[in-house]
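A quick write-up on the structure given underneath.
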Amino acid sequence: MIFHGTRYIPVNIFVFLDNSDLITLSYVNRQLTRETRAERIVRREQFIENIMHYFHTPHSPLFSLYHTFQDEFELHIRRLFRFIPEWFNYIERNKLPYLDVSDPYYQRSCFYRPALSHILSSIDMIADIFMDHLSQNTTLYYCNLGMFHRVLSRKRIEDAVRHHPRLYHIEMVFYPNMLTPSKEPTSLYRIHGQQFEWRHERPQN
């Protein structure tokens, strides 16, 4: 590495470095860590914003994982779940009412591809982090949690949404509006104030 000691590096050179090179440069010494900090912050924010825009069209009320046939889908799924706090900040900042985290590996022909385990490791831990942030959200009205149907208990879901100020409907199916022959209801509805109930059909209130 040619940059060492206290040698001055003009900051305008940073724009010619890709993200990997910029990060590597920041590790050289404390001076370069400080000098690259502002540029790294800007790039990190832009990187995260690009991930969010992959799954959300600006001005749409819905954030959805159903982009299975787009380029680099699996890469973006991994990235999205590495930035769960930033993901919920994005939802809050844009006041999004609808969140679809149903399982993108379930085909509507009723064929399920169990590929999620190699896309996301530690799915139990990811689900816990996700639910912690869901419990703090204030904008969502509807959320499908189908991606976590194998790891989330009903009690865990109920505890997370119990004090949510707006959430009306939580759905636990592979994709939104899926008709299921399950004897147990797959929808949790707000029925009165802070009371929720698992039901097959929307309540009349």
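Residues are named by chain letter and number: chains run A, B, ... in the order of the structure tokens, numbers start at 1 in each chain, and ligands are numbered from 1 in the order shown.
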
Selection near stretch 127-129 of chain A, 10 Å with only C-alpha atoms, sequence-local residues under 3 positions removed, as a PyMOL selection string:
chain A and resi 81+84-85+122-124+132-134+145+147-149+151-152+156+160

Export of prior selection with N, CA, C and O atoms as a tab-separated table (two decimals), in the first residue's frame:
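Everything below was put into part.tsv:
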chain	number	residue	atom	x	y	z
A	81	PHE	N	-31.98	-8.28	4.69
A	81	PHE	CA	-32.10	-8.80	6.05
A	81	PHE	C	-30.86	-8.54	6.91
A	81	PHE	O	-30.87	-8.82	8.10
A	84	ILE	N	-32.02	-4.77	8.84
A	84	ILE	CA	-33.39	-4.71	9.34
A	84	ILE	C	-33.69	-3.38	10.04
A	84	ILE	O	-34.75	-2.78	9.80
A	85	PRO	N	-32.83	-2.84	10.90
A	85	PRO	CA	-33.13	-1.52	11.51
A	85	PRO	C	-33.31	-0.43	10.46
A	85	PRO	O	-34.25	0.38	10.53
A	122	SER	N	-29.36	-18.50	10.09
A	122	SER	CA	-29.86	-18.03	11.39
A	122	SER	C	-31.23	-17.39	11.26
A	122	SER	O	-31.48	-16.29	11.76
A	123	ILE	N	-32.15	-18.09	10.58
A	123	ILE	CA	-33.48	-17.54	10.34
A	123	ILE	C	-34.22	-17.25	11.64
A	123	ILE	O	-34.98	-16.28	11.73
A	124	ASP	N	-33.99	-18.05	12.70
A	124	ASP	CA	-34.64	-17.80	13.99
A	124	ASP	C	-34.20	-16.45	14.57
A	124	ASP	O	-35.04	-15.67	15.05
A	132	ASP	N	-38.86	-7.62	16.82
A	132	ASP	CA	-38.56	-6.53	17.74
A	132	ASP	C	-38.78	-5.18	17.07
A	132	ASP	O	-39.32	-4.24	17.69
A	133	HIS	N	-38.37	-5.06	15.83
A	133	HIS	CA	-38.55	-3.79	15.12
A	133	HIS	C	-40.01	-3.59	14.69
A	133	HIS	O	-40.50	-2.45	14.70
A	134	LEU	N	-40.69	-4.67	14.36
A	134	LEU	CA	-42.11	-4.56	14.04
A	134	LEU	C	-42.88	-4.02	15.23
A	134	LEU	O	-43.80	-3.20	15.09
A	145	LEU	N	-46.41	-12.13	7.26
A	145	LEU	CA	-45.17	-12.68	7.82
A	145	LEU	C	-44.93	-14.11	7.34
A	145	LEU	O	-44.29	-14.90	8.02
A	147	MET	N	-42.94	-15.52	5.36
A	147	MET	CA	-41.57	-16.01	5.31
A	147	MET	C	-41.16	-16.68	6.61
A	147	MET	O	-40.34	-17.60	6.63
A	148	PHE	N	-41.74	-16.23	7.73
A	148	PHE	CA	-41.37	-16.76	9.04
A	148	PHE	C	-42.36	-17.77	9.58
A	148	PHE	O	-42.38	-18.06	10.78
A	149	HIS	N	-43.20	-18.35	8.71
A	149	HIS	CA	-44.27	-19.21	9.19
A	149	HIS	C	-43.75	-20.45	9.92
A	149	HIS	O	-44.45	-21.02	10.75
A	151	VAL	N	-41.04	-20.49	11.92
A	151	VAL	CA	-40.25	-20.18	13.12
A	151	VAL	C	-40.96	-19.29	14.13
A	151	VAL	O	-40.52	-19.20	15.28
A	152	LEU	N	-42.05	-18.64	13.74
A	152	LEU	CA	-42.74	-17.75	14.67
A	152	LEU	C	-43.97	-18.42	15.28
A	152	LEU	O	-44.82	-18.95	14.56
A	156	ARG	N	-45.62	-15.28	19.99
A	156	ARG	CA	-44.56	-14.32	19.66
A	156	ARG	C	-45.12	-13.18	18.82
A	156	ARG	O	-44.78	-12.01	19.01
A	160	ALA	N	-45.66	-9.14	19.96
A	160	ALA	CA	-45.00	-8.08	19.20
A	160	ALA	C	-45.97	-6.99	18.77
A	160	ALA	O	-45.59	-5.81	18.71

Within 12 Å of stretch 90-92 of chain A, counting only C-alpha atoms, which residues show up once you throw out same-chain ones fewer than 3 positions away? Write them as a PDB file with N, CA, C and O atoms, in the first residue's frame, please.
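For reference, part.pdb as written:
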ATOM      1  N   GLU A  45     -25.355   5.063   3.107  1.00  0.00           N
ATOM      2  CA  GLU A  45     -26.753   5.475   3.014  1.00  0.00           C
ATOM      3  C   GLU A  45     -27.307   5.227   1.620  1.00  0.00           C
ATOM      4  O   GLU A  45     -28.443   4.770   1.460  1.00  0.00           O
ATOM      5  N   ILE A  48     -27.832   1.412   1.083  1.00  0.00           N
ATOM      6  CA  ILE A  48     -29.050   0.935   1.737  1.00  0.00           C
ATOM      7  C   ILE A  48     -30.287   1.412   0.980  1.00  0.00           C
ATOM      8  O   ILE A  48     -31.247   0.651   0.787  1.00  0.00           O
ATOM      9  N   GLU A  49     -30.276   2.655   0.529  1.00  0.00           N
ATOM     10  CA  GLU A  49     -31.425   3.191  -0.208  1.00  0.00           C
ATOM     11  C   GLU A  49     -31.645   2.391  -1.497  1.00  0.00           C
ATOM     12  O   GLU A  49     -32.791   2.113  -1.874  1.00  0.00           O
ATOM     13  N   ASN A  50     -30.581   2.002  -2.156  1.00  0.00           N
ATOM     14  CA  ASN A  50     -30.709   1.205  -3.384  1.00  0.00           C
ATOM     15  C   ASN A  50     -31.328  -0.164  -3.091  1.00  0.00           C
ATOM     16  O   ASN A  50     -32.121  -0.676  -3.893  1.00  0.00           O
ATOM     17  N   ILE A  51     -30.966  -0.751  -1.957  1.00  0.00           N
ATOM     18  CA  ILE A  51     -31.581  -2.029  -1.565  1.00  0.00           C
ATOM     19  C   ILE A  51     -33.080  -1.846  -1.362  1.00  0.00           C
ATOM     20  O   ILE A  51     -33.899  -2.643  -1.838  1.00  0.00           O
ATOM     21  N   MET A  52     -33.472  -0.796  -0.655  1.00  0.00           N
ATOM     22  CA  MET A  52     -34.889  -0.551  -0.383  1.00  0.00           C
ATOM     23  C   MET A  52     -35.672  -0.333  -1.684  1.00  0.00           C
ATOM     24  O   MET A  52     -36.787  -0.836  -1.844  1.00  0.00           O
ATOM     25  N   HIS A  53     -35.069   0.382  -2.617  1.00  0.00           N
ATOM     26  CA  HIS A  53     -35.761   0.664  -3.875  1.00  0.00           C
ATOM     27  C   HIS A  53     -35.869  -0.570  -4.763  1.00  0.00           C
ATOM     28  O   HIS A  53     -36.690  -0.590  -5.681  1.00  0.00           O
ATOM     29  N   PHE A  55     -36.979  -3.347  -3.635  1.00  0.00           N
ATOM     30  CA  PHE A  55     -38.216  -3.981  -3.177  1.00  0.00           C
ATOM     31  C   PHE A  55     -39.396  -3.017  -3.060  1.00  0.00           C
ATOM     32  O   PHE A  55     -40.514  -3.452  -2.806  1.00  0.00           O
ATOM     33  N   HIS A  56     -39.133  -1.743  -3.219  1.00  0.00           N
ATOM     34  CA  HIS A  56     -40.216  -0.776  -3.059  1.00  0.00           C
ATOM     35  C   HIS A  56     -40.154   0.293  -4.133  1.00  0.00           C
ATOM     36  O   HIS A  56     -39.133   0.951  -4.312  1.00  0.00           O
ATOM     37  N   PRO A  58     -41.027   3.883  -5.368  1.00  0.00           N
ATOM     38  CA  PRO A  58     -41.383   5.153  -4.719  1.00  0.00           C
ATOM     39  C   PRO A  58     -42.848   5.509  -4.946  1.00  0.00           C
ATOM     40  O   PRO A  58     -43.388   5.296  -6.036  1.00  0.00           O
ATOM     41  N   HIS A  59     -43.484   5.999  -3.911  1.00  0.00           N
ATOM     42  CA  HIS A  59     -44.897   6.418  -3.900  1.00  0.00           C
ATOM     43  C   HIS A  59     -45.874   5.248  -3.790  1.00  0.00           C
ATOM     44  O   HIS A  59     -47.081   5.464  -3.685  1.00  0.00           O
ATOM     45  N   SER A  60     -45.380   4.012  -3.834  1.00  0.00           N
ATOM     46  CA  SER A  60     -46.260   2.875  -3.608  1.00  0.00           C
ATOM     47  C   SER A  60     -46.451   2.687  -2.100  1.00  0.00           C
ATOM     48  O   SER A  60     -45.504   2.861  -1.332  1.00  0.00           O
ATOM     49  N   PRO A  61     -47.663   2.302  -1.666  1.00  0.00           N
ATOM     50  CA  PRO A  61     -47.879   2.061  -0.234  1.00  0.00           C
ATOM     51  C   PRO A  61     -47.370   0.699   0.230  1.00  0.00           C
ATOM     52  O   PRO A  61     -47.374   0.408   1.413  1.00  0.00           O
ATOM     53  N   LEU A  62     -46.913  -0.147  -0.717  1.00  0.00           N
ATOM     54  CA  LEU A  62     -46.540  -1.529  -0.412  1.00  0.00           C
ATOM     55  C   LEU A  62     -45.048  -1.766  -0.567  1.00  0.00           C
ATOM     56  O   LEU A  62     -44.452  -1.450  -1.594  1.00  0.00           O
ATOM     57  N   PHE A  63     -44.451  -2.360   0.477  1.00  0.00           N
ATOM     58  CA  PHE A  63     -43.076  -2.870   0.412  1.00  0.00           C
ATOM     59  C   PHE A  63     -43.190  -4.381   0.328  1.00  0.00           C
ATOM     60  O   PHE A  63     -43.725  -5.022   1.231  1.00  0.00           O
ATOM     61  N   SER A  64     -42.680  -4.984  -0.751  1.00  0.00           N
ATOM     62  CA  SER A  64     -42.913  -6.409  -0.981  1.00  0.00           C
ATOM     63  C   SER A  64     -41.648  -7.131  -1.414  1.00  0.00           C
ATOM     64  O   SER A  64     -40.824  -6.593  -2.161  1.00  0.00           O
ATOM     65  N   LEU A  80     -30.953  -7.132   2.312  1.00  0.00           N
ATOM     66  CA  LEU A  80     -32.093  -6.531   3.006  1.00  0.00           C
ATOM     67  C   LEU A  80     -32.163  -6.983   4.458  1.00  0.00           C
ATOM     68  O   LEU A  80     -32.358  -6.159   5.365  1.00  0.00           O
ATOM     69  N   PHE A  83     -29.906  -5.455   7.053  1.00  0.00           N
ATOM     70  CA  PHE A  83     -30.174  -4.064   7.415  1.00  0.00           C
ATOM     71  C   PHE A  83     -31.605  -3.896   7.920  1.00  0.00           C
ATOM     72  O   PHE A  83     -32.331  -3.002   7.495  1.00  0.00           O
ATOM     73  N   ILE A  84     -32.022  -4.768   8.836  1.00  0.00           N
ATOM     74  CA  ILE A  84     -33.394  -4.705   9.344  1.00  0.00           C
ATOM     75  C   ILE A  84     -33.691  -3.376  10.042  1.00  0.00           C
ATOM     76  O   ILE A  84     -34.753  -2.775   9.796  1.00  0.00           O
ATOM     77  N   PRO A  85     -32.826  -2.835  10.902  1.00  0.00           N
ATOM     78  CA  PRO A  85     -33.133  -1.519  11.507  1.00  0.00           C
ATOM     79  C   PRO A  85     -33.310  -0.433  10.456  1.00  0.00           C
ATOM     80  O   PRO A  85     -34.253   0.380  10.535  1.00  0.00           O
ATOM     81  N   GLU A  86     -32.431  -0.422   9.448  1.00  0.00           N
ATOM     82  CA  GLU A  86     -32.543   0.570   8.382  1.00  0.00           C
ATOM     83  C   GLU A  86     -33.800   0.335   7.540  1.00  0.00           C
ATOM     84  O   GLU A  86     -34.419   1.288   7.060  1.00  0.00           O
ATOM     85  N   TRP A  87     -34.164  -0.923   7.368  1.00  0.00           N
ATOM     86  CA  TRP A  87     -35.385  -1.287   6.644  1.00  0.00           C
ATOM     87  C   TRP A  87     -36.605  -0.673   7.330  1.00  0.00           C
ATOM     88  O   TRP A  87     -37.441  -0.027   6.687  1.00  0.00           O
ATOM     89  N   LYS A  95     -43.698   6.330   5.704  1.00  0.00           N
ATOM     90  CA  LYS A  95     -45.063   6.120   6.214  1.00  0.00           C
ATOM     91  C   LYS A  95     -45.796   5.023   5.443  1.00  0.00           C
ATOM     92  O   LYS A  95     -46.959   5.175   5.061  1.00  0.00           O
ATOM     93  N   LEU A  96     -45.109   3.891   5.245  1.00  0.00           N
ATOM     94  CA  LEU A  96     -45.706   2.804   4.470  1.00  0.00           C
ATOM     95  C   LEU A  96     -46.703   2.019   5.313  1.00  0.00           C
ATOM     96  O   LEU A  96     -46.387   1.615   6.432  1.00  0.00           O
ATOM     97  N   PRO A  97     -47.915   1.762   4.774  1.00  0.00           N
ATOM     98  CA  PRO A  97     -48.927   1.018   5.538  1.00  0.00           C
ATOM     99  C   PRO A  97     -48.937  -0.494   5.284  1.00  0.00           C
ATOM    100  O   PRO A  97     -49.518  -1.234   6.060  1.00  0.00           O
ATOM    101  N   TYR A  98     -48.305  -0.940   4.192  1.00  0.00           N
ATOM    102  CA  TYR A  98     -48.396  -2.347   3.819  1.00  0.00           C
ATOM    103  C   TYR A  98     -47.007  -2.957   3.651  1.00  0.00           C
ATOM    104  O   TYR A  98     -46.167  -2.428   2.908  1.00  0.00           O
ATOM    105  N   LEU A  99     -46.796  -4.091   4.323  1.00  0.00           N
ATOM    106  CA  LEU A  99     -45.515  -4.793   4.259  1.00  0.00           C
ATOM    107  C   LEU A  99     -45.763  -6.264   3.957  1.00  0.00           C
ATOM    108  O   LEU A  99     -46.449  -6.962   4.722  1.00  0.00           O
ATOM    109  N   ASP A 100     -45.219  -6.742   2.858  1.00  0.00           N
ATOM    110  CA  ASP A 100     -45.384  -8.126   2.441  1.00  0.00           C
ATOM    111  C   ASP A 100     -44.063  -8.867   2.610  1.00  0.00           C
ATOM    112  O   ASP A 100     -43.149  -8.732   1.806  1.00  0.00           O
ATOM    113  N   HIS A 133     -38.374  -5.061  15.834  1.00  0.00           N
ATOM    114  CA  HIS A 133     -38.554  -3.787  15.125  1.00  0.00           C
ATOM    115  C   HIS A 133     -40.006  -3.585  14.695  1.00  0.00           C
ATOM    116  O   HIS A 133     -40.496  -2.455  14.697  1.00  0.00           O
ATOM    117  N   LEU A 134     -40.689  -4.672  14.361  1.00  0.00           N
ATOM    118  CA  LEU A 134     -42.111  -4.558  14.035  1.00  0.00           C
ATOM    119  C   LEU A 134     -42.885  -4.018  15.232  1.00  0.00           C
ATOM    120  O   LEU A 134     -43.800  -3.197  15.085  1.00  0.00           O
ATOM    121  N   GLN A 136     -42.009  -1.909  17.314  1.00  0.00           N
ATOM    122  CA  GLN A 136     -41.750  -0.483  17.511  1.00  0.00           C
ATOM    123  C   GLN A 136     -42.264   0.380  16.362  1.00  0.00           C
ATOM    124  O   GLN A 136     -42.212   1.607  16.442  1.00  0.00           O
ATOM    125  N   ASN A 137     -42.746  -0.258  15.312  1.00  0.00           N
ATOM    126  CA  ASN A 137     -43.235   0.485  14.156  1.00  0.00           C
ATOM    127  C   ASN A 137     -44.532   1.228  14.488  1.00  0.00           C
ATOM    128  O   ASN A 137     -45.293   0.799  15.359  1.00  0.00           O
ATOM    129  N   THR A 138     -44.796   2.321  13.787  1.00  0.00           N
ATOM    130  CA  THR A 138     -46.025   3.088  14.026  1.00  0.00           C
ATOM    131  C   THR A 138     -46.856   3.309  12.772  1.00  0.00           C
ATOM    132  O   THR A 138     -47.927   3.907  12.841  1.00  0.00           O
ATOM    133  N   THR A 139     -46.399   2.838  11.606  1.00  0.00           N
ATOM    134  CA  THR A 139     -47.086   3.182  10.356  1.00  0.00           C
ATOM    135  C   THR A 139     -47.872   2.040   9.728  1.00  0.00           C
ATOM    136  O   THR A 139     -48.813   2.284   8.977  1.00  0.00           O
ATOM    137  N   LEU A 140     -47.490   0.795  10.004  1.00  0.00           N
ATOM    138  CA  LEU A 140     -48.072  -0.328   9.275  1.00  0.00           C
ATOM    139  C   LEU A 140     -49.522  -0.594   9.671  1.00  0.00           C
ATOM    140  O   LEU A 140     -49.897  -0.518  10.839  1.00  0.00           O
ATOM    141  N   TYR A 141     -50.307  -0.940   8.664  1.00  0.00           N
ATOM    142  CA  TYR A 141     -51.708  -1.318   8.827  1.00  0.00           C
ATOM    143  C   TYR A 141     -51.875  -2.824   8.563  1.00  0.00           C
ATOM    144  O   TYR A 141     -52.708  -3.479   9.185  1.00  0.00           O
ATOM    145  N   CYS A 143     -49.504  -6.562   7.545  1.00  0.00           N
ATOM    146  CA  CYS A 143     -48.192  -7.198   7.379  1.00  0.00           C
ATOM    147  C   CYS A 143     -48.381  -8.695   7.176  1.00  0.00           C
ATOM    148  O   CYS A 143     -49.061  -9.348   7.961  1.00  0.00           O
TER     149      CYS A 143
END

Would you work out the distance separating atom CA of A:Val173 from atom CA of A:Leu65, expressed in Å to one decimal?
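Calculated distance between atom CA of A:Val173 and atom CA of A:Leu65 is 13.6 Å.
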
Assign secondary structure with DSSP using the backbone only, and return the residues of stretch 65-190 of chain A in alpha helix (DSSP H) as a VMD selection string.
chain A and resid 73 to 82 84 to 93 116 to 119 123 to 136 154 to 161

What is the atom CA of A:Gln204-atom CA of A:Lys155 distance in Å, reported with one decimal?
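Computed distance, atom CA of A:Gln204 to atom CA of A:Lys155, equals 23.8 Å.
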
For A:Asn144, find every residue with an atom within 7 Å (counting only C-alpha atoms), except residues of its own chain fewer than 5 positions away, and show them as an MDAnalysis selection string.
chainID A and resid 99:102 170:172 176

What is the distance, in Å and to one decimal place, between atom CA of A:Pro165 and atom CA of A:Arg190?
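Computing the Euclidean distance for atom CA of A:Pro165 and atom CA of A:Arg190 yields 10.6 Å.
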